[in-house]
>>> print(open('query_28.cif').read())   # mmCIF, C-alpha atoms and all ligand atoms
data_input
loop_
_atom_site.label_atom_id
_atom_site.label_comp_id
_atom_site.auth_asym_id
_atom_site.auth_seq_id
_atom_site.Cartn_x
_atom_site.Cartn_y
_atom_site.Cartn_z
CA MET A 1 -47.25 -18.25 60.75
CA LEU A 2 -44.65 -18.56 58.07
CA ARG A 3 -45.00 -20.93 55.26
CA ALA A 4 -42.65 -21.96 52.51
CA SER A 5 -44.10 -21.45 49.13
CA ILE A 6 -42.45 -24.10 47.10
CA VAL A 7 -42.08 -22.51 43.71
CA GLY A 8 -41.54 -24.34 40.46
CA CYS A 9 -37.83 -23.75 40.32
CA ALA A 10 -34.94 -23.98 42.72
CA LEU A 11 -35.09 -21.28 45.33
CA LEU A 12 -32.24 -18.85 45.23
CA LEU A 13 -31.37 -18.81 48.87
CA GLY A 14 -29.38 -16.02 50.45
CA ILE A 15 -26.40 -17.21 52.46
CA PRO A 16 -24.92 -15.01 55.17
CA SER A 17 -21.43 -13.86 54.21
CA GLY A 18 -18.84 -15.62 56.30
CA ALA A 19 -20.50 -18.96 55.60
CA LYS A 20 -17.53 -19.96 53.53
CA ALA A 21 -15.18 -20.41 56.42
CA ALA A 22 -12.13 -22.57 56.04
CA GLU A 23 -12.58 -25.89 57.74
CA ARG A 24 -9.02 -26.63 58.67
CA THR A 25 -7.79 -23.18 59.58
CA GLY A 26 -10.89 -21.36 60.84
CA SER A 27 -11.93 -20.67 64.44
CA PRO A 28 -14.68 -22.82 66.02
CA THR A 29 -17.18 -20.02 65.30
CA GLU A 30 -16.17 -19.99 61.62
CA ARG A 31 -16.37 -23.77 61.42
CA GLY A 32 -19.82 -23.59 63.05
CA ALA A 33 -20.94 -20.93 60.57
CA TYR A 34 -19.76 -23.13 57.74
CA LEU A 35 -21.61 -26.22 59.00
CA VAL A 36 -24.83 -24.38 59.87
CA ASN A 37 -24.96 -22.38 56.64
CA THR A 38 -23.84 -25.05 54.17
CA ILE A 39 -24.13 -28.80 54.66
CA MET A 40 -26.48 -28.68 57.68
CA ALA A 41 -28.66 -25.89 56.26
CA CYS A 42 -30.39 -25.21 59.61
CA GLY A 43 -31.87 -22.07 58.07
CA ASN A 44 -33.69 -24.10 55.44
CA CYS A 45 -36.12 -24.84 58.28
CA HIS A 46 -35.30 -22.26 60.98
CA THR A 47 -35.09 -19.03 58.90
CA PRO A 48 -38.32 -17.22 57.94
CA ARG A 49 -39.08 -16.66 54.25
CA ASP A 50 -40.52 -13.80 52.31
CA ALA A 51 -43.52 -14.01 50.00
CA ASP A 52 -41.29 -15.34 47.19
CA GLY A 53 -40.01 -18.16 49.39
CA LYS A 54 -36.56 -16.59 49.83
CA PRO A 55 -34.98 -16.70 53.30
CA VAL A 56 -34.99 -13.36 55.11
CA ALA A 57 -31.26 -12.97 55.83
CA GLU A 58 -31.61 -10.25 58.49
CA ARG A 59 -33.92 -12.53 60.48
CA ALA A 60 -31.81 -15.67 60.01
CA LEU A 61 -32.54 -18.57 62.40
CA SER A 62 -35.32 -16.66 64.19
CA GLY A 63 -37.99 -19.28 63.47
CA GLY A 64 -39.27 -20.53 60.18
CA LEU A 65 -41.27 -23.24 58.55
CA ALA A 66 -44.45 -24.76 59.90
CA PHE A 67 -44.78 -28.48 59.25
CA ASN A 68 -48.19 -30.12 59.25
CA THR A 69 -47.94 -33.90 59.10
CA PRO A 70 -50.14 -36.80 60.26
CA ALA A 71 -47.80 -37.15 63.29
CA PHE A 72 -47.42 -33.53 64.40
CA VAL A 73 -47.87 -29.86 63.67
CA ALA A 74 -44.64 -28.01 64.55
CA THR A 75 -42.89 -24.78 63.66
CA ALA A 76 -39.09 -24.59 63.52
CA PRO A 77 -38.37 -22.38 66.57
CA ASN A 78 -36.21 -19.33 67.09
CA ILE A 79 -32.64 -20.59 67.68
CA THR A 80 -31.00 -17.16 67.98
CA PRO A 81 -29.59 -16.19 71.42
CA ASP A 82 -32.69 -14.14 72.37
CA LYS A 83 -33.23 -14.91 76.08
CA ASP A 84 -37.04 -15.00 76.06
CA THR A 85 -38.02 -16.37 72.67
CA GLY A 86 -34.77 -18.03 71.47
CA ILE A 87 -32.22 -20.34 73.09
CA GLY A 88 -30.23 -17.61 74.89
CA SER A 89 -31.02 -19.06 78.32
CA TRP A 90 -30.11 -22.63 77.39
CA SER A 91 -26.77 -24.07 78.55
CA ASP A 92 -24.33 -25.56 76.04
CA ALA A 93 -25.24 -29.04 77.29
CA GLU A 94 -28.94 -28.32 76.75
CA ILE A 95 -28.41 -27.14 73.17
CA LYS A 96 -26.28 -30.23 72.50
CA ARG A 97 -29.02 -32.50 73.84
CA ALA A 98 -31.57 -30.82 71.55
CA LEU A 99 -29.28 -31.41 68.58
CA VAL A 100 -28.16 -34.98 69.19
CA GLN A 101 -31.03 -36.42 71.27
CA GLY A 102 -33.94 -34.23 70.18
CA SER A 103 -34.85 -33.35 73.77
CA ARG A 104 -35.80 -29.99 75.30
CA PRO A 105 -34.32 -28.67 78.56
CA ASP A 106 -36.28 -29.27 81.78
CA HIS A 107 -37.08 -25.55 82.09
CA GLY A 108 -38.90 -22.99 79.98
CA ARG A 109 -41.28 -23.56 77.10
CA LEU A 110 -42.51 -27.19 76.91
CA ALA A 111 -39.93 -28.29 79.51
CA GLY A 112 -38.74 -31.87 79.03
CA VAL A 113 -40.92 -32.56 75.97
CA GLN A 114 -39.24 -34.37 73.03
CA LEU A 115 -38.86 -32.40 69.79
CA ALA A 116 -40.80 -33.65 66.76
CA ALA A 117 -38.86 -36.08 64.53
CA ILE A 118 -38.56 -33.41 61.80
CA MET A 119 -35.64 -32.03 63.82
CA PRO A 120 -33.02 -34.48 62.50
CA ALA A 121 -31.35 -35.50 65.79
CA ASN A 122 -31.06 -39.12 64.60
CA PHE A 123 -28.55 -37.79 62.03
CA TYR A 124 -26.96 -35.09 64.19
CA LYS A 125 -25.98 -37.67 66.81
CA ALA A 126 -23.10 -38.42 64.39
CA LEU A 127 -21.55 -34.98 64.99
CA LEU A 128 -17.94 -35.10 66.16
CA PRO A 129 -17.48 -33.31 69.52
CA ASP A 130 -15.45 -30.48 67.91
CA ASP A 131 -18.15 -29.86 65.32
CA LEU A 132 -20.85 -29.86 67.98
CA ASP A 133 -18.87 -27.29 69.98
CA ALA A 134 -18.35 -25.23 66.80
CA ILE A 135 -22.10 -25.18 66.08
CA ILE A 136 -22.82 -23.98 69.64
CA ALA A 137 -20.13 -21.28 69.34
CA TYR A 138 -21.71 -20.03 66.11
CA LEU A 139 -25.29 -20.11 67.42
CA ARG A 140 -24.14 -18.02 70.41
CA SER A 141 -22.56 -15.49 68.02
CA VAL A 142 -25.58 -14.69 65.85
CA LYS A 143 -27.76 -11.65 66.39
CA PRO A 144 -30.51 -12.25 69.00
CA ILE A 145 -33.93 -11.72 67.44
CA ARG A 146 -37.24 -11.62 69.28
CA ASN A 147 -39.75 -13.97 67.71
CA GLU A 148 -42.05 -16.48 69.30
CA VAL A 149 -43.36 -19.42 67.29
CA PRO A 150 -46.62 -21.28 68.02
CA ASP A 151 -46.48 -24.34 70.28
CA PRO A 152 -46.40 -27.71 68.53
CA VAL A 153 -49.16 -30.31 68.62
CA TYR A 154 -48.13 -33.96 68.82
CA LYS A 155 -50.60 -36.54 67.55
CA VAL A 156 -48.50 -39.67 68.07
CA PRO A 157 -45.42 -40.34 70.24
CA VAL A 158 -42.18 -39.00 68.75
CA LYS A 159 -40.16 -41.65 66.94
CA ARG A 160 -36.89 -41.22 65.03
CA ASP A 161 -35.77 -43.90 62.57
CA PRO A 162 -32.23 -45.07 63.37
CA TYR A 163 -29.67 -44.08 60.72
CA PRO A 164 -26.98 -46.82 60.60
CA ASP A 165 -23.99 -44.54 59.90
CA ALA A 166 -24.98 -42.20 62.73
CA ASP A 167 -25.48 -45.07 65.15
CA ALA A 168 -22.12 -46.59 64.20
CA GLY A 169 -20.54 -43.15 64.68
CA PHE A 170 -17.50 -41.45 63.18
CA SER A 171 -14.07 -40.56 64.52
CA LYS A 172 -11.58 -37.96 63.33
CA ALA A 173 -9.25 -40.76 62.18
CA MET A 174 -11.96 -42.30 59.99
CA LEU A 175 -12.39 -39.01 58.16
CA ALA A 176 -8.92 -39.31 56.63
CA ASP A 177 -10.65 -41.58 54.10
CA PRO A 178 -12.48 -39.42 51.52
CA VAL A 179 -15.39 -41.87 51.25
CA ARG A 180 -15.96 -41.96 55.03
CA ARG A 181 -15.60 -38.18 55.14
CA GLY A 182 -18.27 -37.98 52.45
CA ALA A 183 -20.42 -40.39 54.49
CA TYR A 184 -20.03 -38.10 57.51
CA LEU A 185 -21.11 -35.04 55.52
CA VAL A 186 -24.06 -36.89 53.98
CA THR A 187 -25.07 -38.02 57.50
CA ILE A 188 -24.95 -34.58 59.15
CA GLY A 189 -26.58 -33.14 56.00
CA HIS A 190 -29.43 -35.68 56.56
CA CYS A 191 -29.48 -36.19 52.75
CA MET A 192 -30.76 -39.74 53.06
CA GLU A 193 -33.70 -38.71 55.23
CA CYS A 194 -35.33 -37.35 52.08
CA HIS A 195 -33.72 -39.66 49.54
CA SER A 196 -34.44 -43.09 51.10
CA ALA A 197 -37.44 -45.38 50.78
CA TRP A 198 -40.29 -44.09 52.94
CA SER A 199 -43.63 -45.61 53.70
CA ARG A 200 -46.34 -44.57 56.15
CA GLY A 201 -44.01 -42.36 58.12
CA VAL A 202 -41.14 -44.84 58.41
CA SER A 203 -37.81 -44.57 56.55
CA ASP A 204 -35.96 -47.66 55.40
CA PHE A 205 -32.31 -46.64 55.69
CA LYS A 206 -31.08 -50.23 55.26
CA ALA A 207 -32.72 -51.83 52.22
CA GLY A 208 -33.92 -48.51 50.76
CA LEU A 209 -30.91 -46.24 51.36
CA GLY A 210 -30.85 -43.55 48.68
CA ARG A 211 -33.56 -45.23 46.64
CA GLY A 212 -35.80 -42.15 46.54
CA GLY A 213 -39.54 -41.94 46.23
CA ARG A 214 -40.45 -39.75 49.20
CA ALA A 215 -42.91 -37.03 48.20
CA PHE A 216 -42.86 -33.50 49.58
CA PRO A 217 -45.87 -31.20 49.75
CA LEU A 218 -46.15 -28.23 47.45
CA ARG A 219 -46.37 -26.04 50.50
CA GLU A 220 -45.15 -26.93 54.00
CA GLY A 221 -47.79 -26.38 56.64
CA THR A 222 -50.64 -27.64 54.49
CA PRO A 223 -51.45 -31.30 53.93
CA ASP A 224 -51.54 -30.90 50.13
CA ALA A 225 -52.76 -33.85 48.11
CA ALA A 226 -50.47 -33.22 45.14
CA PRO A 227 -46.76 -33.52 45.85
CA GLY A 228 -44.55 -30.58 44.93
CA SER A 229 -41.55 -32.83 44.36
CA ILE A 230 -40.39 -36.40 44.78
CA ALA A 231 -36.85 -37.13 45.99
CA PRO A 232 -35.04 -39.09 43.26
CA ASN A 233 -32.89 -42.21 43.53
CA ILE A 234 -29.31 -41.07 44.29
CA THR A 235 -27.76 -44.53 44.56
CA SER A 236 -25.07 -45.71 42.15
CA HIS A 237 -27.65 -47.45 39.93
CA PRO A 238 -26.67 -46.63 36.30
CA THR A 239 -30.18 -45.77 35.06
CA ALA A 240 -32.52 -45.41 38.07
CA GLY A 241 -29.86 -43.58 40.10
CA ILE A 242 -26.91 -41.30 39.40
CA GLY A 243 -24.37 -44.02 38.57
CA ALA A 244 -23.92 -42.76 35.01
CA TRP A 245 -23.69 -39.06 35.92
CA THR A 246 -20.31 -37.32 35.85
CA ASP A 247 -18.89 -35.85 39.06
CA ALA A 248 -19.56 -32.38 37.64
CA GLU A 249 -23.21 -33.21 36.95
CA ILE A 250 -23.75 -34.51 40.49
CA SER A 251 -21.99 -31.47 41.98
CA ARG A 252 -24.07 -29.11 39.88
CA ALA A 253 -27.31 -30.77 41.02
CA ILE A 254 -26.31 -30.40 44.68
CA THR A 255 -24.98 -26.84 44.59
CA GLN A 256 -26.99 -25.23 41.79
CA GLY A 257 -30.18 -27.28 41.77
CA VAL A 258 -29.82 -28.17 38.11
CA GLY A 259 -30.75 -31.68 36.95
CA ARG A 260 -28.72 -33.75 34.51
CA ASP A 261 -31.02 -32.66 31.69
CA GLY A 262 -30.65 -29.00 32.67
CA ARG A 263 -34.03 -28.64 34.37
CA MET A 264 -34.25 -26.61 37.60
CA LEU A 265 -34.77 -28.86 40.61
CA LYS A 266 -37.45 -28.07 43.18
CA ALA A 267 -37.50 -27.56 46.93
CA PRO A 268 -37.21 -28.67 49.67
CA MET A 269 -33.54 -29.51 49.00
CA ALA A 270 -31.26 -26.72 50.27
CA TYR A 271 -29.33 -26.00 47.04
CA GLY A 272 -28.68 -22.36 48.00
CA TYR A 273 -26.93 -23.44 51.21
CA TYR A 274 -24.96 -26.25 49.53
CA ALA A 275 -23.74 -23.67 46.97
CA ALA A 276 -21.13 -22.54 49.52
CA LEU A 277 -19.74 -26.04 50.13
CA GLU A 278 -15.97 -26.25 49.79
CA ALA A 279 -14.79 -28.12 46.70
CA ALA A 280 -13.07 -30.81 48.80
CA ASP A 281 -16.26 -31.47 50.78
CA LEU A 282 -18.32 -31.69 47.61
CA ALA A 283 -15.81 -34.12 46.07
CA ASP A 284 -16.00 -36.36 49.15
CA ILE A 285 -19.82 -36.29 49.11
CA VAL A 286 -19.77 -37.41 45.46
CA ALA A 287 -17.17 -40.11 46.28
CA TYR A 288 -19.45 -41.47 49.01
CA LEU A 289 -22.60 -41.37 46.83
CA ARG A 290 -20.77 -43.53 44.27
CA THR A 291 -20.49 -46.26 46.94
CA VAL A 292 -24.21 -46.38 47.82
CA PRO A 293 -25.45 -49.80 46.61
CA PRO A 294 -27.67 -49.52 43.50
C1 LIG A 301 -35.89 -30.30 58.49
C2 LIG A 301 -36.06 -29.09 59.27
C3 LIG A 301 -35.04 -28.78 60.33
C4 LIG A 301 -33.66 -28.71 60.21
C5 LIG A 301 -32.82 -28.96 58.97
C6 LIG A 301 -33.16 -28.30 61.50
N1 LIG A 301 -34.20 -28.15 62.38
FE1 LIG A 301 -34.03 -27.64 64.35
N2 LIG A 301 -36.03 -27.92 64.59
C7 LIG A 301 -36.94 -28.09 63.57
C8 LIG A 301 -38.28 -28.09 64.12
C9 LIG A 301 -39.57 -28.22 63.33
C10 LIG A 301 -38.14 -27.95 65.52
C11 LIG A 301 -39.26 -27.90 66.56
C12 LIG A 301 -39.84 -29.27 66.81
C13 LIG A 301 -40.96 -29.26 67.81
O1 LIG A 301 -41.46 -28.19 68.16
O2 LIG A 301 -41.30 -30.36 68.27
C14 LIG A 301 -36.71 -27.81 65.77
C15 LIG A 301 -36.14 -27.60 67.03
C16 LIG A 301 -34.83 -27.19 67.25
C17 LIG A 301 -34.30 -26.77 68.53
C18 LIG A 301 -35.08 -26.66 69.83
C19 LIG A 301 -35.54 -25.21 69.99
C20 LIG A 301 -36.71 -25.01 70.89
O3 LIG A 301 -36.98 -23.83 71.23
O4 LIG A 301 -37.38 -25.96 71.25
C21 LIG A 301 -32.98 -26.42 68.32
C22 LIG A 301 -31.99 -25.90 69.34
C23 LIG A 301 -32.71 -26.65 66.92
N3 LIG A 301 -33.85 -27.12 66.30
C24 LIG A 301 -31.50 -26.36 66.31
C25 LIG A 301 -31.19 -26.72 64.99
C26 LIG A 301 -29.88 -26.56 64.39
C27 LIG A 301 -28.67 -25.93 65.06
C28 LIG A 301 -29.97 -27.08 63.13
C29 LIG A 301 -28.86 -27.26 62.11
C30 LIG A 301 -27.64 -27.88 62.60
C31 LIG A 301 -31.33 -27.52 62.93
N4 LIG A 301 -32.05 -27.27 64.08
C32 LIG A 301 -31.83 -28.09 61.76
C33 LIG A 301 -36.64 -28.28 62.23
C34 LIG A 301 -35.36 -28.40 61.70
C1 LIG A 302 -35.36 -31.99 52.47
C2 LIG A 302 -35.22 -33.10 51.53
C3 LIG A 302 -33.88 -33.26 50.82
C4 LIG A 302 -32.62 -33.23 51.39
C5 LIG A 302 -32.24 -33.01 52.85
C6 LIG A 302 -31.70 -33.47 50.31
N1 LIG A 302 -32.35 -33.63 49.14
FE1 LIG A 302 -31.51 -34.04 47.31
N2 LIG A 302 -33.31 -33.75 46.41
C7 LIG A 302 -34.53 -33.64 47.06
C8 LIG A 302 -35.57 -33.52 46.07
C9 LIG A 302 -37.06 -33.37 46.37
C10 LIG A 302 -34.94 -33.55 44.81
C11 LIG A 302 -35.60 -33.50 43.42
C12 LIG A 302 -36.21 -32.15 43.12
C13 LIG A 302 -36.87 -32.18 41.76
O1 LIG A 302 -37.08 -33.27 41.18
O2 LIG A 302 -37.17 -31.11 41.24
C14 LIG A 302 -33.50 -33.71 45.07
C15 LIG A 302 -32.52 -33.85 44.08
C16 LIG A 302 -31.22 -34.29 44.30
C17 LIG A 302 -30.27 -34.65 43.27
C18 LIG A 302 -30.54 -34.69 41.78
C19 LIG A 302 -30.97 -36.08 41.39
C20 LIG A 302 -31.76 -36.19 40.12
O3 LIG A 302 -32.00 -37.34 39.69
O4 LIG A 302 -32.18 -35.16 39.58
C21 LIG A 302 -29.10 -35.03 43.90
C22 LIG A 302 -27.82 -35.52 43.26
C23 LIG A 302 -29.33 -34.87 45.32
N3 LIG A 302 -30.63 -34.42 45.52
C24 LIG A 302 -28.39 -35.12 46.31
C25 LIG A 302 -28.54 -34.73 47.64
C26 LIG A 302 -27.47 -34.68 48.61
C27 LIG A 302 -26.04 -35.11 48.37
C28 LIG A 302 -28.00 -34.17 49.77
C29 LIG A 302 -27.31 -33.84 51.06
C30 LIG A 302 -26.17 -32.95 50.97
C31 LIG A 302 -29.43 -33.97 49.52
N4 LIG A 302 -29.71 -34.30 48.23
C32 LIG A 302 -30.32 -33.51 50.48
C33 LIG A 302 -34.72 -33.62 48.45
C34 LIG A 302 -33.70 -33.52 49.40
#
>>> encode(input="query_28.cif", output="structure tokens")
Amino acid sequence: MLRASIVGCALLLGIPSGAKAAERTGSPTERGAYLVNTIMACGNCHTPRDADGKPVAERALSGGLAFNTPAFVATAPNITPDKDTGIGSWSDAEIKRALVQGSRPDHGRLAGVQLAAIMPANFYKALLPDDLDAIIAYLRSVKPIRNEVPDPVYKVPVKRDPYPDADAGFSKAMLADPVRRGAYLVTIGHCMECHSAWSRGVSDFKAGLGRGGRAFPLREGTPDAAPGSIAPNITSHPTAGIGAWTDAEISRAITQGVGRDGRMLKAPMAYGYYAALEAADLADIVAYLRTVPP
């Protein structure tokens, strides 16, 4: 079983070349590569890591982190096109349902069983149809790798907290507005899942949006008592949040994992993936964060 060792500095994550595909001009597969390997950072959970906690690029998306929480024990499965141990025998519609509804197909391993809430379907339901198609196209194009992960154990029924922006939905027309485009990216990047108020397994995305405070274990897969990191307040509050930070400081935190005071930020945030974000996308993310109520 693979475990993430959360080290005391930002992990330098390897990104497959080709991740930096142009959004407006690229093919669906390139757009999918861009989404999967930057803002959506699927590999941050689904790619195995080496002993230093770095993702193993040649085994990308073949199954990764084990999560051990009071609600479930689950390992991020192999999502390469391997027919037996990956999602190679799933139809496009079945992969889409896993992404936006969190449900498994009614055949194969654990047929019909809901995926644990750690798979952020409550955010991915916001995906525009073209982006969903692009993600499928890219997942079909990666190298099939044989790797079976252990079956999950569910201790309580699966429950996903509704995310207002995802439930309201987005349209292509709305994304002409930089702030809404930033909101879309922040939604599909499930940023606020970590950064919002959280208590006893429930996120408060309304009153506590972006307020921070959620603690992450030092090491996924073990119910550690001491947190490895605590997600900070990223609302526009001038002192508690990032309201007084410059655009450059916010961008540097997201893409380089460097805090305002120059300290290296810790996992589990996917800095190494966000490093390949296009400048326009990063600018829109910052524009949206500035609108999050303090
Ligand atoms: C925060 C961690 C995390 C992120 C990010 C994440 N996943 Fe998952 N995903 C999981 C876990 C854990 C499971 C298995 C849950 C279970 O077994 O109940 C899963 C399940 C899946 C499944 C079902 C596979 C199967 O064999 O059952 C697919 C498909 C999938 N993820 C695709 C993706 C894609 C594509 C992305 C990025 C767009 C992504 N995931 C992002 C953690 C994550
Ligand atoms: C898996 C959880 C997780 C996700 C997803 C996540 N973050 Fe973070 N983020 C953290 C943690 C934890 C820290 C603080 C690490 C530390 O203190 O060393 C952090 C730090 C930050 C900081 C620096 C704030 C400060 O006060 O130092 C910013 C800005 C930020 N995140 C923005 C984002 C944005 C934007 C996204 C989505 C693109 C995002 N985060 C996604 C967990 C997450």
>>> atom_distance(input="query_28.cif", atom1="atom CA of A:Leu115", atom2="atom CA of A:Pro268")
20.5 Å
>>> closest_residue(input="query_28.cif", among="A:Ala231, A:Ala276, A:Ala166, A:Ala283", to="ligand LIG 302 (chain A)", atoms="only C-alpha atoms and all ligand atoms")
A:Ala231
>>> closest_residue(input="query_28.cif", among="A:Val156, A:Leu110, A:Val202, A:Met40", to="ligand LIG 302 (chain A)", atoms="all atoms listed in the file")
A:Met40
>>> residues_near_ligand(input="query_28.cif", ligand="ligand LIG 301 (chain A)", cutoff="6 Å", atoms="all atoms listed in the file", output="ChimeraX atom specification")
/A:36,40-42,45,74-77,79,95,98-99,104,115-116,118-119,152
>>> closest_residue(input="query_28.cif", among="A:Asn78, A:Asn44, A:Ser229, A:Thr187", to="ligand LIG 302 (chain A)", atoms="only C-alpha atoms and all ligand atoms")
A:Ser229
